[in-house]
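**Student:** Take this structure first; my questions come after.
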There are 4 protein chains.
Amino acid sequence: MTTVGFIGLGIMGGPMARNLLKAGFGVTGYNRSSGPVEALAAQGGRPASSVAEAVRGATVVITMLPDSPDVEAVALGEAGIFANAAPGTLFIDMSTIRPDVAAHLAEHGAGSGLRVLDAPVSGGEQGAIDATLSIMVGGSADDFDAARAVLDAVGKTIVHVGPAGAGQTVKAANQLIVAGTIELVAEAIVFLRAHGVDTRAAVKVLAGGLAGNAILDRKAASMLAGKFEPGFRIDLHHKDLGIVTAAAREAGVAIPLGAAVAQLMGAMHAQGHGSLDHSALLLLVEQLSGVHQGDTA
Amino acid sequence: MTTVGFIGLGIMGGPMARNLLKAGFGVTGYNRSSGPVEALAAQGGRPASSVAEAVRGATVVITMLPDSPDVEAVALGEAGIFANAAPGTLFIDMSTIRPDVAAHLAEHGAGSGLRVLDAPVSGGEQGAIDATLSIMVGGSADDFDAARAVLDAVGKTIVHVGPAGAGQTVKAANQLIVAGTIELVAEAIVFLRAHGVDTRAAVKVLAGGLAGNAILDRKAASMLAGKFEPGFRIDLHHKDLGIVTAAAREAGVAIPLGAAVAQLMGAMHAQGHGSLDHSALLLLVEQLSGVHQGDTA
Amino acid sequence: MTTVGFIGLGIMGGPMARNLLKAGFGVTGYNRSSGPVEALAAQGGRPASSVAEAVRGATVVITMLPDSPDVEAVALGEAGIFANAAPGTLFIDMSTIRPDVAAHLAEHGAGSGLRVLDAPVSGGEQGAIDATLSIMVGGSADDFDAARAVLDAVGKTIVHVGPAGAGQTVKAANQLIVAGTIELVAEAIVFLRAHGVDTRAAVKVLAGGLAGNAILDRKAASMLAGKFEPGFRIDLHHKDLGIVTAAAREAGVAIPLGAAVAQLMGAMHAQGHGSLDHSALLLLVEQLSGVHQGDTA
Amino acid sequence: MTTVGFIGLGIMGGPMARNLLKAGFGVTGYNRSSGPVEALAAQGGRPASSVAEAVRGATVVITMLPDSPDVEAVALGEAGIFANAAPGTLFIDMSTIRPDVAAHLAEHGAGSGLRVLDAPVSGGEQGAIDATLSIMVGGSADDFDAARAVLDAVGKTIVHVGPAGAGQTVKAANQLIVAGTIELVAEAIVFLRAHGVDTRAAVKVLAGGLAGNAILDRKAASMLAGKFEPGFRIDLHHKDLGIVTAAAREAGVAIPLGAAVAQLMGAMHAQGHGSLDHSALLLLVEQLSGVHQGDTA
């Protein structure tokens, strides 16, 4: 039986580890706070009280952590993964971090005899619970094949997109398109309302044509209702757009719309709306246009 | 049998008129050039040699013309629709024109005893041929009900979105979202290529998540292949974004992304690429970024 | 003695007409409301009770009116300038209007035997009072020479910039640069405050280098003090940016920064701040950034 | 006699060190390549073959280096300034670097008994030669007073703008305004040309009004002539706009125009025009608009 060391049992990592258990993998789980570790143990997992303990005996190690520095600390720290994993271990980082950090970890891993994949996900908490995540994987083809069984247990669309770091690059592109699409839908909604259009009917017909997108399908109804519980927090999307703009700058790629929406997401963050769902960009378009939620239904 | 006077038998209007014939309507067709009129006659329609002749005896009149001034001329001209249609005639303009012109025509119609709907479509030539157009209809609920049978013969998703002009407003919003989404996908593609990612694999995984949209589904493959045959011409989308920005300005709605992409579409137009498909915005992102189509597959 | 028919004796036109009187010209003045006409008469002008009366006997006619439709009505109307002016009359429109309207008036004038110049000004009420206006003149060189003496009486920098409409085009460019510069200074001020910088000292050093501009010189102090009495109203600058974006669109010129600042000025207008000075763009940057005037001095 | 240790004798640092000598200061100079050190010695300076040697015996140390990492290495390195300077030494960094790095150096200095100022300059090579630089100084008021005599020898407008890092923050704001103003002038020039306006006459009248700025005064003539020898290189301005956007992001300040022009400067950099003067943004507006330098004079 393959044993997976799983580090980071939060909103995403918790259900992912459970799905690994359900699929028949052994899972040794570690989390900074102990509650999630105990929850995992209650479901048949093995509790670990340190990163080192989670890593020892595992042939696959997964991390699911908030940001680049967290992953770097857990991977490269003195009591971390690279210091404790057996040669040949497959280390899959499923966090959303900077592509250059992902590439750096892979390089480091090669020197330490570890096999490293970056495999960020999209699909949110519900996707983690339902094991329907989309997973964009960077690394070697051999390592991707080796990881396949594990990834199949937590996701549905699993695609090898290129060498080390490529998974994070695709995730960055994902966040660029998502933010921009939310803003376009927000501009359209305020535009439609200002002209006295029945927005619910309009969303229906827009969703059916070339303007159709996942935001219209999944978010427009709550946007029209003025509901902005996350979902995916503005704080996190703001962090991700920082990754996008920096990576585009470094690569010499012009992203005029990406840069513009990064300013708007940043404005929401600066105004203290970081804990709202990212679809709350609608509130900013309303603010700019001098209208208020619900002025016109 | 309901007789429909159909004015404008071009790439869109021609197949739409044929679908009306197939559905059992009588169709009297007029077009500025005579070829399409003869083609319609060969399929069982009645040829008309003037707008007046197309309108006389019809209980429904449809226009499918390029731009606002064309519709105004045909509707309001001395030998036009309003001067020749019987009281109670249902006039459905299915062109894409300015919302304020549509509203003005409706107002004019009310004074002349005509019933007026604006009913622009999306779905392109193929949608016109297959009778699967999405139709966004502005006008009164009664007139919408009266038009239902005719619209069912040419479209699939048919939605009443509000009062006179509302159909055009929703079409404008549609064009805003479509242009913006193309640009976001273009920025993502150049970004992904610059980082050495397998773009075909990336598009596949992007399309499956919250970044999913109709451009990724229908246009990304040809964009990746560098094929930009229209489809929908940059010239026309540039015209439509002029309608969007003017209507947003008039309504006091801020559309920062809409205004930015209007500049980019305008740049493609200014550089002489007006006859390419609108997805050729990719070429502009490549130009800005100093890369050339196919530099990296 | 040259007699000037002066139409539009408002905040700008009033003092300009007075300066013509001081310079020894005869001035027949007309205004829609009679107060300014009486004021001019008290200073030695001749009152007129209609456009026709102001025009008759004049060898030069000047208009100083709010917007394109006003000038068109006064020039082309039945009882207007073209209908009443003697052949050879020099008609100088000093209003800020659309370049294409200015060109159209010149064309019309040529057909009517009138000589037409567009000569919009910059410099504000104070410049009008002090006769120090900058005047950008479009039309033929001969007509410019003929107008020189009259323009010298109301302005200081008087430049012939091209054929009919060129004056309005330069004025549009002026408004583009002014709006953009205000926004740049506003962004800089909020940026500096957020970092705890002494903004008054910073403005001083910025004004002395390559970042130096007339906004830093004339507006920054009132911006830092949160004083936004016009000066030049947001409403009018919003109107002017509509002219700029339309003229750029028509000419196929990309103005990415111009289009962006037009959105921001439009947002201020939409939020009901139209009667503030255009330097109140600072309030919008503060709003976006979640800070409030005076949070940090 | 005060002895100044001067590190970085390049295009800017070389003439600045010479001006210190002229003003009667002793100068010990160090540069990575030895040519500039010999040149300084020929003018009466003392050559140093290491940072440590330049620092020893100096009561004031000045650095004039390309970027943040250079300054960090020279200041914090094993054989660097902090390791070799006597307690109480005044360390003035006149490079353009990140404000947070400047603040960090000051903090570090406080711990090491050094007094640290950040004092970036504007005015270019000519300003360095003529000792007319504008200098924006961050740090304590006492240290500013202590540095005054030295700064007076190399600059003209010397302003204390706030605590440690504030000088760099003001320099960042300077670079934001300069880049944006160049782009506005570029948009105006292409706009004017497209309408057939005499651009030289237009620049003259624009420069005299509220649109007036230092770019119109110092750069417009070379822009109109299509001359883009630096001056200040696009590469460096691109680097500086990276500092601006990062610092604005960190502070939660919205800079919509700043972010837009950073994309445009980045596009010029990506297209390989990094060694041109920053006023070559004009070429980008021409590219976008499909016109070519000189198409219309």
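In the structure tokens, each chain is lettered A, B, ... as it comes, each chain's residues begin at 1, and ligands are numbered from 1 in order of appearance.
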Running DSSP on the backbone, which parts of region 147-183 of chain C land in helix (DSSP H, G or I), as a ChimeraX atom specification?

**Tutor:** /C:147-152,166-183

**Student:** Sorted by chain and rising residue number, list the residues of chain B at most 10 Å from chain D (counting only C-alpha atoms), each with its closest atom pair and distance in Å to one decimal, as CSV.

**Tutor:**
residue,atom,partner,partner_atom,distance
B:Pro256,CA,D:Pro256,CA,9.6
B:Ala260,CA,D:Ala260,CA,9.7
B:Gln263,CA,D:Leu288,CA,9.2
B:Leu264,CA,D:Leu288,CA,8.1
B:Gly266,CA,D:Ser289,CA,8.3
B:Ala267,CA,D:Leu288,CA,5.2
B:Met268,CA,D:Leu288,CA,7.6
B:His269,CA,D:Ser289,CA,8.6
B:Ala270,CA,D:Ser289,CA,5.5
B:Gln271,CA,D:Gly290,CA,4.2
B:Gly272,CA,D:Gly290,CA,7.5
B:His273,CA,D:Gly290,CA,10.0
B:Leu284,CA,D:Leu288,CA,8.3
B:Val285,CA,D:Ala267,CA,9.4
B:Glu286,CA,D:Gln271,CA,9.8
B:Gln287,CA,D:Gln271,CA,8.1
B:Leu288,CA,D:Ala267,CA,5.2
B:Ser289,CA,D:Ala267,CA,5.5
B:Gly290,CA,D:Gln271,CA,4.2
B:Val291,CA,D:Gln271,CA,7.8

**Student:** Atoms to include: N, CA, C and O atoms. Write the selected residues as a compact mmCIF listing (two decimals), in the first residue's frame.

**Tutor:**
# COMPACT_ATOMS: atom_id res chain seq x y z
N PRO B 256 -14.03 50.08 -16.90
CA PRO B 256 -12.59 50.21 -17.12
C PRO B 256 -12.03 49.12 -18.05
O PRO B 256 -11.21 49.42 -18.92
N ALA B 260 -10.69 49.60 -21.98
CA ALA B 260 -9.33 49.18 -22.33
C ALA B 260 -9.35 48.26 -23.55
O ALA B 260 -8.54 48.39 -24.46
N GLN B 263 -9.89 50.04 -26.80
CA GLN B 263 -8.66 50.61 -27.35
C GLN B 263 -7.87 49.56 -28.12
O GLN B 263 -7.30 49.85 -29.18
N LEU B 264 -7.83 48.34 -27.59
CA LEU B 264 -7.03 47.29 -28.23
C LEU B 264 -7.68 46.85 -29.54
O LEU B 264 -7.01 46.66 -30.55
N GLY B 266 -9.61 48.68 -31.30
CA GLY B 266 -9.41 49.83 -32.18
C GLY B 266 -8.00 49.84 -32.77
O GLY B 266 -7.82 50.22 -33.94
N ALA B 267 -7.01 49.41 -31.99
CA ALA B 267 -5.64 49.36 -32.51
C ALA B 267 -5.54 48.32 -33.63
O ALA B 267 -4.89 48.56 -34.65
N MET B 268 -6.19 47.18 -33.47
CA MET B 268 -6.18 46.17 -34.53
C MET B 268 -6.83 46.74 -35.81
O MET B 268 -6.35 46.54 -36.92
N HIS B 269 -7.94 47.43 -35.62
CA HIS B 269 -8.64 48.08 -36.73
C HIS B 269 -7.71 49.10 -37.40
O HIS B 269 -7.57 49.11 -38.63
N ALA B 270 -7.06 49.92 -36.58
CA ALA B 270 -6.20 50.98 -37.14
C ALA B 270 -5.01 50.39 -37.88
O ALA B 270 -4.51 50.99 -38.83
N GLN B 271 -4.56 49.23 -37.46
CA GLN B 271 -3.40 48.61 -38.10
C GLN B 271 -3.79 47.82 -39.36
O GLN B 271 -2.95 47.15 -39.95
N GLY B 272 -5.07 47.88 -39.71
CA GLY B 272 -5.48 47.28 -40.97
C GLY B 272 -5.89 45.82 -40.88
O GLY B 272 -5.96 45.12 -41.89
N HIS B 273 -6.17 45.34 -39.66
CA HIS B 273 -6.56 43.94 -39.49
C HIS B 273 -8.07 43.76 -39.36
O HIS B 273 -8.53 42.76 -38.80
N LEU B 284 -2.15 41.15 -31.35
CA LEU B 284 -1.77 42.41 -30.71
C LEU B 284 -0.97 42.15 -29.43
O LEU B 284 0.02 42.84 -29.15
N VAL B 285 -1.40 41.16 -28.65
CA VAL B 285 -0.65 40.83 -27.43
C VAL B 285 0.74 40.33 -27.79
O VAL B 285 1.73 40.66 -27.13
N GLU B 286 0.83 39.59 -28.89
CA GLU B 286 2.14 39.14 -29.35
C GLU B 286 3.01 40.31 -29.80
O GLU B 286 4.20 40.37 -29.49
N GLN B 287 2.39 41.24 -30.52
CA GLN B 287 3.13 42.42 -30.97
C GLN B 287 3.66 43.21 -29.77
O GLN B 287 4.84 43.55 -29.71
N LEU B 288 2.78 43.47 -28.80
CA LEU B 288 3.19 44.22 -27.62
C LEU B 288 4.32 43.52 -26.89
O LEU B 288 5.22 44.16 -26.34
N SER B 289 4.27 42.18 -26.86
CA SER B 289 5.23 41.41 -26.08
C SER B 289 6.48 41.07 -26.88
O SER B 289 7.37 40.37 -26.38
N GLY B 290 6.52 41.51 -28.15
CA GLY B 290 7.71 41.26 -28.95
C GLY B 290 7.90 39.81 -29.34
O GLY B 290 9.02 39.39 -29.61
N VAL B 291 6.82 39.03 -29.37
CA VAL B 291 6.93 37.65 -29.84
C VAL B 291 6.13 37.53 -31.13
O VAL B 291 5.29 38.35 -31.45

**Student:** I'd like the neighbourhood of region 44-58 of chain B as a PyMOL selection string, where a residue qualifies if any of its atoms comes within 7 Å (using only C-alpha atoms), though same-chain residues fewer than 5 positions away should be ignored.

**Tutor:** chain B and resi 3-6+26-30+37-38+79-81+84-85

**Student:** May I have the residues from that selection written out with N, CA and C atoms, as a PDB file, in the first residue's frame?

**Tutor:**
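What follows is the written file selection35.pdb:
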ATOM      1  N   THR B   3     -47.704  36.349 -43.109  1.00  0.00           N
ATOM      2  CA  THR B   3     -46.702  36.732 -44.106  1.00  0.00           C
ATOM      3  C   THR B   3     -45.690  37.678 -43.479  1.00  0.00           C
ATOM      4  N   VAL B   4     -44.412  37.317 -43.669  1.00  0.00           N
ATOM      5  CA  VAL B   4     -43.324  38.107 -43.118  1.00  0.00           C
ATOM      6  C   VAL B   4     -42.632  38.864 -44.242  1.00  0.00           C
ATOM      7  N   GLY B   5     -42.532  40.195 -44.081  1.00  0.00           N
ATOM      8  CA  GLY B   5     -41.698  40.986 -44.987  1.00  0.00           C
ATOM      9  C   GLY B   5     -40.286  40.988 -44.435  1.00  0.00           C
ATOM     10  N   PHE B   6     -39.307  40.512 -45.217  1.00  0.00           N
ATOM     11  CA  PHE B   6     -37.937  40.368 -44.685  1.00  0.00           C
ATOM     12  C   PHE B   6     -36.996  41.258 -45.494  1.00  0.00           C
ATOM     13  N   GLY B  26     -45.183  32.577 -44.905  1.00  0.00           N
ATOM     14  CA  GLY B  26     -44.966  33.235 -46.178  1.00  0.00           C
ATOM     15  C   GLY B  26     -43.900  34.308 -45.995  1.00  0.00           C
ATOM     16  N   VAL B  27     -42.976  34.420 -46.944  1.00  0.00           N
ATOM     17  CA  VAL B  27     -41.913  35.417 -46.809  1.00  0.00           C
ATOM     18  C   VAL B  27     -41.789  36.228 -48.100  1.00  0.00           C
ATOM     19  N   THR B  28     -41.927  37.556 -47.956  1.00  0.00           N
ATOM     20  CA  THR B  28     -41.653  38.458 -49.070  1.00  0.00           C
ATOM     21  C   THR B  28     -40.325  39.136 -48.781  1.00  0.00           C
ATOM     22  N   GLY B  29     -39.328  38.887 -49.651  1.00  0.00           N
ATOM     23  CA  GLY B  29     -37.977  39.337 -49.326  1.00  0.00           C
ATOM     24  C   GLY B  29     -37.496  40.475 -50.181  1.00  0.00           C
ATOM     25  N   TYR B  30     -36.769  41.413 -49.538  1.00  0.00           N
ATOM     26  CA  TYR B  30     -36.142  42.494 -50.281  1.00  0.00           C
ATOM     27  C   TYR B  30     -34.686  42.614 -49.846  1.00  0.00           C
ATOM     28  N   VAL B  37     -32.477  38.032 -53.441  1.00  0.00           N
ATOM     29  CA  VAL B  37     -33.936  38.026 -53.612  1.00  0.00           C
ATOM     30  C   VAL B  37     -34.334  36.869 -54.521  1.00  0.00           C
ATOM     31  N   GLU B  38     -33.567  36.714 -55.602  1.00  0.00           N
ATOM     32  CA  GLU B  38     -33.845  35.611 -56.524  1.00  0.00           C
ATOM     33  C   GLU B  38     -33.640  34.262 -55.841  1.00  0.00           C
ATOM     34  N   ALA B  79     -39.977  56.142 -48.478  1.00  0.00           N
ATOM     35  CA  ALA B  79     -40.551  54.918 -49.028  1.00  0.00           C
ATOM     36  C   ALA B  79     -40.318  53.743 -48.080  1.00  0.00           C
ATOM     37  N   GLY B  80     -40.249  54.047 -46.780  1.00  0.00           N
ATOM     38  CA  GLY B  80     -39.821  53.036 -45.822  1.00  0.00           C
ATOM     39  C   GLY B  80     -40.951  52.305 -45.127  1.00  0.00           C
ATOM     40  N   ILE B  81     -40.579  51.605 -44.074  1.00  0.00           N
ATOM     41  CA  ILE B  81     -41.509  50.716 -43.374  1.00  0.00           C
ATOM     42  C   ILE B  81     -42.656  51.492 -42.732  1.00  0.00           C
ATOM     43  N   ASN B  84     -45.305  52.674 -45.024  1.00  0.00           N
ATOM     44  CA  ASN B  84     -46.035  51.708 -45.848  1.00  0.00           C
ATOM     45  C   ASN B  84     -46.717  50.575 -45.087  1.00  0.00           C
ATOM     46  N   ALA B  85     -46.315  50.350 -43.842  1.00  0.00           N
ATOM     47  CA  ALA B  85     -46.875  49.215 -43.102  1.00  0.00           C
ATOM     48  C   ALA B  85     -48.293  49.536 -42.626  1.00  0.00           C
TER      49      ALA B  85
END

**Student:** For the structure I just gave you, how does DSSP split region 56-239 of chain A - specifically, which residues are strand (DSSP E or B)? Reply as an MDAnalysis selection string.

**Tutor:** chainID A and resid 60:63 90:93 115:118 121:122 133:138 155:162 213 233

**Student:** Those selected residues, please, written with N, CA, C and O atoms and delivered as a tab-separated table (two decimals), in the first residue's frame.

**Tutor:**
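Saved file selection.tsv follows:
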chain	number	residue	atom	x	y	z
A	60	VAL	N	5.01	9.02	-1.09
A	60	VAL	CA	4.50	10.25	-1.71
A	60	VAL	C	4.26	11.28	-0.61
A	60	VAL	O	3.69	10.93	0.43
A	61	VAL	N	4.69	12.50	-0.82
A	61	VAL	CA	4.42	13.58	0.13
A	61	VAL	C	3.66	14.68	-0.60
A	61	VAL	O	4.07	15.10	-1.69
A	62	ILE	N	2.53	15.09	-0.01
A	62	ILE	CA	1.73	16.17	-0.59
A	62	ILE	C	1.71	17.36	0.36
A	62	ILE	O	1.54	17.18	1.56
A	63	THR	N	1.88	18.58	-0.20
A	63	THR	CA	1.68	19.79	0.62
A	63	THR	C	0.52	20.59	0.04
A	63	THR	O	0.35	20.69	-1.17
A	90	LEU	N	8.28	10.91	-3.98
A	90	LEU	CA	7.59	11.81	-4.89
A	90	LEU	C	6.94	12.92	-4.08
A	90	LEU	O	6.04	12.66	-3.27
A	91	PHE	N	7.40	14.16	-4.27
A	91	PHE	CA	6.90	15.31	-3.51
A	91	PHE	C	5.99	16.14	-4.44
A	91	PHE	O	6.46	16.70	-5.43
A	92	ILE	N	4.71	16.18	-4.09
A	92	ILE	CA	3.73	16.91	-4.91
A	92	ILE	C	3.23	18.11	-4.14
A	92	ILE	O	2.48	17.96	-3.17
A	93	ASP	N	3.60	19.31	-4.58
A	93	ASP	CA	3.07	20.51	-3.94
A	93	ASP	C	1.81	20.95	-4.68
A	93	ASP	O	1.86	21.30	-5.86
A	115	ARG	N	11.79	13.41	-6.27
A	115	ARG	CA	11.07	13.74	-7.50
A	115	ARG	C	9.98	14.74	-7.13
A	115	ARG	O	9.18	14.49	-6.23
A	116	VAL	N	9.95	15.87	-7.83
A	116	VAL	CA	9.08	16.98	-7.41
A	116	VAL	C	8.09	17.36	-8.51
A	116	VAL	O	8.48	17.51	-9.67
A	117	LEU	N	6.84	17.50	-8.15
A	117	LEU	CA	5.80	18.00	-9.06
A	117	LEU	C	5.13	19.21	-8.44
A	117	LEU	O	4.90	19.25	-7.23
A	118	ASP	N	4.78	20.22	-9.29
A	118	ASP	CA	3.86	21.27	-8.81
A	118	ASP	C	2.50	20.96	-9.42
A	118	ASP	O	2.39	20.73	-10.62
A	121	VAL	N	-4.47	23.30	-7.91
A	121	VAL	CA	-5.81	22.83	-8.27
A	121	VAL	C	-6.75	24.00	-8.49
A	121	VAL	O	-6.51	25.10	-8.03
A	122	SER	N	-7.83	23.74	-9.21
A	122	SER	CA	-8.95	24.67	-9.16
A	122	SER	C	-10.23	23.87	-9.00
A	122	SER	O	-10.29	22.70	-9.35
A	133	LEU	N	-11.59	18.03	-8.47
A	133	LEU	CA	-10.69	19.15	-8.76
A	133	LEU	C	-10.09	19.05	-10.15
A	133	LEU	O	-9.88	17.94	-10.67
A	134	SER	N	-9.81	20.20	-10.74
A	134	SER	CA	-8.95	20.25	-11.92
A	134	SER	C	-7.52	20.43	-11.41
A	134	SER	O	-7.28	21.27	-10.54
A	135	ILE	N	-6.61	19.64	-11.95
A	135	ILE	CA	-5.23	19.69	-11.46
A	135	ILE	C	-4.28	19.92	-12.63
A	135	ILE	O	-4.32	19.20	-13.62
A	136	MET	N	-3.46	20.98	-12.50
A	136	MET	CA	-2.53	21.35	-13.57
A	136	MET	C	-1.12	21.01	-13.08
A	136	MET	O	-0.66	21.59	-12.12
A	137	VAL	N	-0.48	20.08	-13.76
A	137	VAL	CA	0.73	19.47	-13.21
A	137	VAL	C	1.96	19.84	-14.02
A	137	VAL	O	2.00	19.68	-15.24
A	138	GLY	N	2.99	20.35	-13.30
A	138	GLY	CA	4.28	20.62	-13.91
A	138	GLY	C	5.33	19.66	-13.37
A	138	GLY	O	5.33	19.33	-12.18
A	155	GLY	N	-8.95	14.36	-7.84
A	155	GLY	CA	-9.38	15.26	-8.91
A	155	GLY	C	-10.03	14.54	-10.07
A	155	GLY	O	-10.10	13.31	-10.10
A	156	LYS	N	-10.53	15.33	-11.02
A	156	LYS	CA	-11.20	14.76	-12.18
A	156	LYS	C	-10.44	15.08	-13.47
A	156	LYS	O	-10.13	14.19	-14.25
A	157	THR	N	-10.19	16.38	-13.71
A	157	THR	CA	-9.42	16.77	-14.90
A	157	THR	C	-7.98	16.96	-14.48
A	157	THR	O	-7.65	17.93	-13.79
A	158	ILE	N	-7.12	16.03	-14.90
A	158	ILE	CA	-5.73	16.05	-14.43
A	158	ILE	C	-4.84	16.10	-15.66
A	158	ILE	O	-4.81	15.17	-16.45
A	159	VAL	N	-4.13	17.22	-15.83
A	159	VAL	CA	-3.41	17.44	-17.08
A	159	VAL	C	-1.95	17.80	-16.82
A	159	VAL	O	-1.66	18.67	-15.98
A	160	HIS	N	-1.07	17.12	-17.52
A	160	HIS	CA	0.35	17.44	-17.47
A	160	HIS	C	0.61	18.58	-18.45
A	160	HIS	O	0.43	18.41	-19.65
A	161	VAL	N	1.01	19.74	-17.95
A	161	VAL	CA	1.08	20.93	-18.79
A	161	VAL	C	2.49	21.37	-19.14
A	161	VAL	O	2.66	22.34	-19.90
A	162	GLY	N	3.51	20.70	-18.60
A	162	GLY	CA	4.86	21.11	-18.94
A	162	GLY	C	5.84	20.79	-17.82
A	162	GLY	O	5.50	20.08	-16.87
A	213	ASN	N	-19.68	31.94	-19.93
A	213	ASN	CA	-18.50	31.60	-19.12
A	213	ASN	C	-18.94	31.06	-17.77
A	213	ASN	O	-20.12	31.16	-17.39
A	233	ARG	N	-11.74	34.05	-1.58
A	233	ARG	CA	-11.61	35.37	-0.99
A	233	ARG	C	-10.81	36.35	-1.87
A	233	ARG	O	-9.81	35.99	-2.48

**Student:** Skip Gly180 (chain D) itself and residues of its chain fewer than 4 positions away, then list as a list of chain:residue names all residues within 8 Å of it, counting only C-alpha atoms.

**Tutor:**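 Contacts, with the query itself left out: C:Gly180, C:Thr181, C:Leu184, D:Leu176, D:Leu184, D:Leu257, D:Gly258, D:Val261.
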
**Student:** Find the residues near region 73-76 of chain D: any atom within 9 Å, counting only C-alpha atoms, skip ones fewer than 6 places away on the same chain, and give them as a list in words.

**Tutor:**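 Counting only the stated atoms, we get Ile7, Val51, Thr63, Phe82, Ala83, Leu105 and His108 of chain D.
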
**Student:** Keeping only N, CA and C atoms, write the selected residues to a file as a PDB file, in the first residue's frame.

**Tutor:**
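Everything below was put into out.pdb:
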ATOM      1  N   ILE D   7      31.476  55.647  -3.694  1.00  0.00           N
ATOM      2  CA  ILE D   7      31.468  54.312  -4.308  1.00  0.00           C
ATOM      3  C   ILE D   7      30.483  54.292  -5.474  1.00  0.00           C
ATOM      4  N   VAL D  51      35.961  48.659  -1.429  1.00  0.00           N
ATOM      5  CA  VAL D  51      34.972  49.410  -0.660  1.00  0.00           C
ATOM      6  C   VAL D  51      35.550  49.769   0.702  1.00  0.00           C
ATOM      7  N   THR D  63      27.027  56.310  -1.953  1.00  0.00           N
ATOM      8  CA  THR D  63      26.952  55.267  -2.987  1.00  0.00           C
ATOM      9  C   THR D  63      26.064  55.762  -4.129  1.00  0.00           C
ATOM     10  N   PHE D  82      29.072  48.831   6.182  1.00  0.00           N
ATOM     11  CA  PHE D  82      28.724  48.691   7.601  1.00  0.00           C
ATOM     12  C   PHE D  82      29.824  47.988   8.386  1.00  0.00           C
ATOM     13  N   ALA D  83      30.550  47.101   7.728  1.00  0.00           N
ATOM     14  CA  ALA D  83      31.608  46.361   8.412  1.00  0.00           C
ATOM     15  C   ALA D  83      32.868  47.207   8.604  1.00  0.00           C
ATOM     16  N   LEU D 105      18.065  49.440   5.246  1.00  0.00           N
ATOM     17  CA  LEU D 105      19.454  49.869   5.433  1.00  0.00           C
ATOM     18  C   LEU D 105      19.557  50.852   6.594  1.00  0.00           C
ATOM     19  N   HIS D 108      19.279  48.998   9.825  1.00  0.00           N
ATOM     20  CA  HIS D 108      20.530  48.296  10.019  1.00  0.00           C
ATOM     21  C   HIS D 108      21.602  49.257  10.505  1.00  0.00           C
TER      22      HIS D 108
END
